[in-house]
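**Q** Here it is, the structure, as structure tokens.
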Amino acid sequence: MVQGKVNRVDWRALWASGDLARFCFISLGILLHATNETMVATIMPAMVGDLSGVQLVGWSLAIYELGAIVAGAAAGRMVSYVALRSNVMVAALFYSTGALICAAAPSMQAFLAGRLIEGLGGGALVSLAFVSVERLFPRTIWPQLFGLMSAIWGVAAFSGPMLGALMAELLSWRWAFGVFVIGGVAMALACLIVLNTPEARRRQSAGTELPPFPAVPLACLAISVILIASAGVNVALLRSSLLLGLGLAGLALFFRIDALKPQSRLFPANLFSWRTPVGSGMTMIASFSVATCSFAVYGPLILTNLHGISMLTTGYIIAAESIAWSILSILVANAPAERERSIIACGAVMIAAGVAGFAYTVPHGSIPLILFCALLQGGGFGIAWPFVTRIIVASAPADEQTIASSAVPTMQRIGYAVGAASAGIVANASGFSEGINRAAAANAGVWLFLAFVPLGLLGAVAAFRLSSEPGRPQRAQEA
């Protein structure tokens, strides 16, 4: 399957052996999860018009990400007790069940229940896709396969908004979820054929000792996000302040508990310490992940109700942000090591400028300017993220590098969950809790972005701190 000294993949031989078909199949789980994740924003105007419950819009992403975090942490351990094929089947059925509940939901509360189940199934499918590469394919071609998985994320980020907008415009927002019901069921049934190999049918050795599952910190995380999201429902100063304070305290407790459990830890030590590149990098990731949720969750809803912009147009704008992320990430991938500092700093400035720019462009409704801010935000992530991730992993102690590599996407998901919940507070305090109207949309269009500018600035400062760290390993050492 692999030829030459540089481990080039012989794709023809990989196809003939059936391994390429298996790889495409397990990657379908990533495609389903990521497409669904990015689709919901573009159908939100039609969905809220049907179900009402606009005060719960922020929950749609928060609850989905929570399910994905918990299932992702669990799925990697489950393959030691249950065969890989069985795990994939159950995850796909969970996913399709959640999509079915969303498609048939009579209320926003029922829709959110479906989103939670979808998140559990989708998060497990993503985790199992990475486990499958390790279990089913030769180590020599792992880098190429993981690279293809990254490309699939880019395709999904583009296709999700397009699928949602087209379905909502041509049929119904419910059919957008119907597509995922069919996809999940088809994947579960196909497991019987495609994953019919000895490696996929057996569990790991019974003698393998597993680290304990981080149930306590994850439960603390879930309660914290729910408290923050609850603060945005029926906003009242005392009640909302109390719930927000408890939620933030719960997040601090989550990170503290995680640090005290080294055997099941999700994050490296000294997580937010700016004295280390790991701490600066993780602060940057957390800050920007929270700060950039507003447009993805509420942008289409505001643009549709305030300016009459079609869902298809908003879908194109969100897709353009994803395309900018993917393209610029590819363009800077081979940048010289001495330029990494300036690239990280430039990306951070772009992200912060995009967040601040939305506060002006969204209320004014200028599509070219809104698109420009989306490109700034997506492009900033695209050029900064690969190098930030590399520095975090390379700077972590040798015994924590595996934890550090998985901590980056986990922190990003936590940031999205917290950001979506926090955006719900701002939106409802701006008038959405009383229903959708032009005045509320105009008010929310300003504050949903201005409120997160401080976090954008914090992320930029952390990025500058990271890019100025002395003694950072060079590329050869990081590899």
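Just so we're on the same page: first chain in the structure tokens is A, next is B, and so on; residues restart at 1 for each chain, and ligands are numbered from 1 in the order they show up.
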Can you list, as an NGL selection string, every residue of range 89-271 of chain A that DSSP puts in alpha helix (DSSP H)?

**A** :A and (89-104 or 108-136 or 142-170 or 173-194 or 198-201 or 215-230 or 237-259)

**Q** For the residues selected in the previous step, produce a file with C-alpha atoms as a compact mmCIF listing (two decimals), in the first residue's frame.

**A**
```txt
# COMPACT_ATOMS: atom_id res chain seq x y z
CA MET A 89 -23.57 1.10 14.68
CA VAL A 90 -24.88 2.36 18.02
CA ALA A 91 -23.40 5.83 17.47
CA ALA A 92 -24.97 6.07 14.00
CA LEU A 93 -28.36 4.99 15.37
CA PHE A 94 -28.11 7.55 18.19
CA TYR A 95 -27.32 10.18 15.61
CA SER A 96 -30.23 9.29 13.32
CA THR A 97 -32.62 9.09 16.30
CA GLY A 98 -31.61 12.58 17.39
CA ALA A 99 -32.07 13.88 13.84
CA LEU A 100 -35.52 12.28 13.67
CA ILE A 101 -36.57 13.95 16.92
CA CYS A 102 -35.35 17.30 15.56
CA ALA A 103 -37.18 16.80 12.26
CA ALA A 104 -40.47 15.97 13.97
CA MET A 108 -38.19 24.07 20.75
CA GLN A 109 -37.80 21.97 23.91
CA ALA A 110 -38.30 18.75 21.93
CA PHE A 111 -35.88 20.04 19.30
CA LEU A 112 -33.20 20.59 21.95
CA ALA A 113 -33.68 17.04 23.23
CA GLY A 114 -33.03 15.81 19.72
CA ARG A 115 -29.95 18.04 19.46
CA LEU A 116 -28.50 16.49 22.61
CA ILE A 117 -28.97 12.97 21.26
CA GLU A 118 -27.54 14.06 17.90
CA GLY A 119 -24.51 15.50 19.66
CA LEU A 120 -23.93 12.26 21.55
CA GLY A 121 -24.08 10.23 18.35
CA GLY A 122 -22.06 12.68 16.27
CA GLY A 123 -19.33 13.14 18.87
CA ALA A 124 -18.98 9.37 19.17
CA LEU A 125 -18.79 8.97 15.38
CA VAL A 126 -15.93 11.49 15.16
CA SER A 127 -13.99 9.88 17.99
CA LEU A 128 -14.54 6.41 16.52
CA ALA A 129 -13.31 7.61 13.12
CA PHE A 130 -9.92 8.45 14.62
CA VAL A 131 -9.89 5.18 16.59
CA SER A 132 -10.69 3.32 13.36
CA VAL A 133 -7.66 4.75 11.57
CA GLU A 134 -5.47 3.49 14.38
CA ARG A 135 -7.12 0.06 14.46
CA LEU A 136 -7.71 -0.68 10.77
CA TRP A 142 -1.77 7.58 9.23
CA PRO A 143 -0.52 11.12 8.42
CA GLN A 144 -2.12 11.02 4.96
CA LEU A 145 -5.41 9.68 6.31
CA PHE A 146 -5.55 12.25 9.10
CA GLY A 147 -4.84 14.92 6.50
CA LEU A 148 -7.80 13.73 4.46
CA MET A 149 -9.96 13.87 7.57
CA SER A 150 -9.04 17.53 7.98
CA ALA A 151 -10.11 18.14 4.38
CA ILE A 152 -13.44 16.45 5.14
CA TRP A 153 -14.02 18.91 7.97
CA GLY A 154 -13.51 21.73 5.47
CA VAL A 155 -16.00 20.21 3.03
CA ALA A 156 -18.54 19.76 5.81
CA ALA A 157 -18.12 23.33 7.02
CA PHE A 158 -18.96 24.50 3.51
CA SER A 159 -21.74 22.03 2.75
CA GLY A 160 -23.63 22.43 6.05
CA PRO A 161 -24.81 26.03 5.57
CA MET A 162 -25.58 25.33 1.91
CA LEU A 163 -27.64 22.23 2.72
CA GLY A 164 -29.59 24.00 5.43
CA ALA A 165 -30.33 27.05 3.30
CA LEU A 166 -31.37 25.05 0.24
CA MET A 167 -33.63 22.72 2.20
CA ALA A 168 -35.29 25.59 4.04
CA GLU A 169 -35.80 27.57 0.82
CA LEU A 170 -36.98 24.71 -1.41
CA TRP A 173 -36.19 23.04 7.52
CA ARG A 174 -37.44 19.65 8.79
CA TRP A 175 -36.16 17.95 5.63
CA ALA A 176 -32.68 19.25 6.43
CA PHE A 177 -32.71 16.92 9.44
CA GLY A 178 -34.46 14.22 7.42
CA VAL A 179 -31.32 13.93 5.31
CA PHE A 180 -29.33 13.06 8.44
CA VAL A 181 -31.91 10.52 9.57
CA ILE A 182 -31.39 8.67 6.30
CA GLY A 183 -27.61 9.07 6.51
CA GLY A 184 -27.41 7.74 10.06
CA VAL A 185 -29.59 4.70 9.38
CA ALA A 186 -27.68 3.92 6.17
CA MET A 187 -24.37 4.11 8.02
CA ALA A 188 -25.59 1.81 10.80
CA LEU A 189 -26.75 -0.82 8.29
CA ALA A 190 -23.60 -0.54 6.19
CA CYS A 191 -21.47 -1.33 9.25
CA LEU A 192 -22.48 -4.98 8.89
CA ILE A 193 -20.75 -5.13 5.50
CA VAL A 194 -18.01 -2.50 5.45
CA PRO A 198 -11.49 -9.23 12.46
CA GLU A 199 -10.07 -5.94 13.76
CA ALA A 200 -13.49 -4.27 13.70
CA ARG A 201 -15.38 -7.23 15.17
CA ALA A 215 -17.39 11.38 34.76
CA VAL A 216 -17.19 13.92 37.60
CA PRO A 217 -15.49 16.75 35.67
CA LEU A 218 -17.70 16.21 32.62
CA ALA A 219 -20.82 16.31 34.79
CA CYS A 220 -19.54 19.53 36.31
CA LEU A 221 -18.94 20.95 32.82
CA ALA A 222 -22.45 20.01 31.67
CA ILE A 223 -24.10 21.59 34.72
CA SER A 224 -22.01 24.75 34.28
CA VAL A 225 -22.97 25.26 30.64
CA ILE A 226 -26.64 24.60 31.42
CA LEU A 227 -26.53 27.18 34.23
CA ILE A 228 -25.00 29.78 31.90
CA ALA A 229 -27.57 29.02 29.19
CA SER A 230 -30.39 29.16 31.76
CA LEU A 237 -30.93 40.94 36.80
CA LEU A 238 -30.74 39.04 40.09
CA ARG A 239 -31.70 35.61 38.79
CA SER A 240 -29.56 35.79 35.64
CA SER A 241 -26.55 37.18 37.52
CA LEU A 242 -26.77 34.37 40.07
CA LEU A 243 -27.03 31.65 37.42
CA LEU A 244 -24.20 33.16 35.38
CA GLY A 245 -21.99 33.41 38.45
CA LEU A 246 -22.71 29.80 39.42
CA GLY A 247 -22.03 28.67 35.87
CA LEU A 248 -18.67 30.44 35.71
CA ALA A 249 -17.74 29.08 39.14
CA GLY A 250 -18.69 25.62 37.88
CA LEU A 251 -16.36 26.01 34.91
CA ALA A 252 -13.50 26.93 37.24
CA LEU A 253 -14.35 23.89 39.35
CA PHE A 254 -14.39 21.70 36.22
CA PHE A 255 -10.83 22.69 35.31
CA ARG A 256 -9.73 22.29 38.93
CA ILE A 257 -11.20 18.80 39.26
CA ASP A 258 -9.65 17.80 35.94
CA ALA A 259 -6.21 18.94 37.14
```

**Q** For Ala41 in chain A, list every protein, DNA or RNA residue within 9 Å, evaluated using only C-alpha atoms, and leave out those in the same chain fewer than 4 positions away; present the list as a list in words.

**A** Glu37, Pro45, Leu61, Pro161, Gly164, Phe295, Ala296, Val297, Tyr298, Gly299, Pro300, Leu301, Thr314, Gly315 and Ile318 of chain A

**Q** Between A:Ser422, A:Ser405, A:Ser322, A:Asn234, which has the minimum distance to Leu448 in chain A (counting only C-alpha atoms)?

**A**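 When distances to Leu448 in chain A are compared using only C-alpha atoms, the smallest one comes from A:Ser422.
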
**Q** Ranking A:Val235, A:Ala348, A:Gly58, A:Ala427 by minimum distance to Ala451 in chain A and counting only C-alpha atoms, which one comes first?

**A**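 Of A:Val235, A:Ala348, A:Gly58, A:Ala427, the one nearest Ala451 in chain A, counting only C-alpha atoms, is A:Ala427.
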
**Q** With a distance cut-off of 9 Å and only C-alpha atoms, select the neighbouring residues of Trp447 in chain A, excluding the residue or stretch itself and same-chain residues fewer than 3 positions from it, and output the selection as a ChimeraX atom specification.

**A** /A:359,426-427,430,443-444,450-452

**Q** List every residue of range 276-296 of chain A that has an atom at most 8 Å from any atom of range 411-416 of chain A, and for each one report the closest atom pair and its distance in Å to one decimal, counting only C-alpha atoms, with rows sorted by chain and then by increasing residue number, as a Markdown table.

**A**
```
| residue | atom | partner | partner_atom | distance |
| --- | --- | --- | --- | --- |
| A:Met282 | CA | A:Met411 | CA | 7.5 |
| A:Ile285 | CA | A:Gln412 | CA | 6.4 |
| A:Ala286 | CA | A:Gly415 | CA | 5.4 |
| A:Ser287 | CA | A:Gly415 | CA | 7.3 |
| A:Phe288 | CA | A:Gly415 | CA | 7.9 |
| A:Ser289 | CA | A:Gly415 | CA | 4.8 |
| A:Val290 | CA | A:Gly415 | CA | 4.7 |
| A:Cys293 | CA | A:Tyr416 | CA | 6.2 |
```

**Q** Restrict the selected residues to C-alpha atoms and save them as an mmCIF file, in the first residue's frame.

**A**
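out31.cif written:
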```cif
data_model
loop_
_atom_site.group_PDB
_atom_site.id
_atom_site.type_symbol
_atom_site.label_atom_id
_atom_site.label_comp_id
_atom_site.auth_asym_id
_atom_site.auth_seq_id
_atom_site.Cartn_x
_atom_site.Cartn_y
_atom_site.Cartn_z
ATOM 1 C CA MET A 282 -4.981 27.433 25.413
ATOM 2 C CA ILE A 285 -8.136 29.071 21.878
ATOM 3 C CA ALA A 286 -10.667 29.396 24.701
ATOM 4 C CA SER A 287 -11.093 33.152 24.241
ATOM 5 C CA PHE A 288 -11.542 33.092 20.475
ATOM 6 C CA SER A 289 -13.842 30.061 20.553
ATOM 7 C CA VAL A 290 -16.213 31.834 22.930
ATOM 8 C CA CYS A 293 -19.979 32.104 18.349
#
```
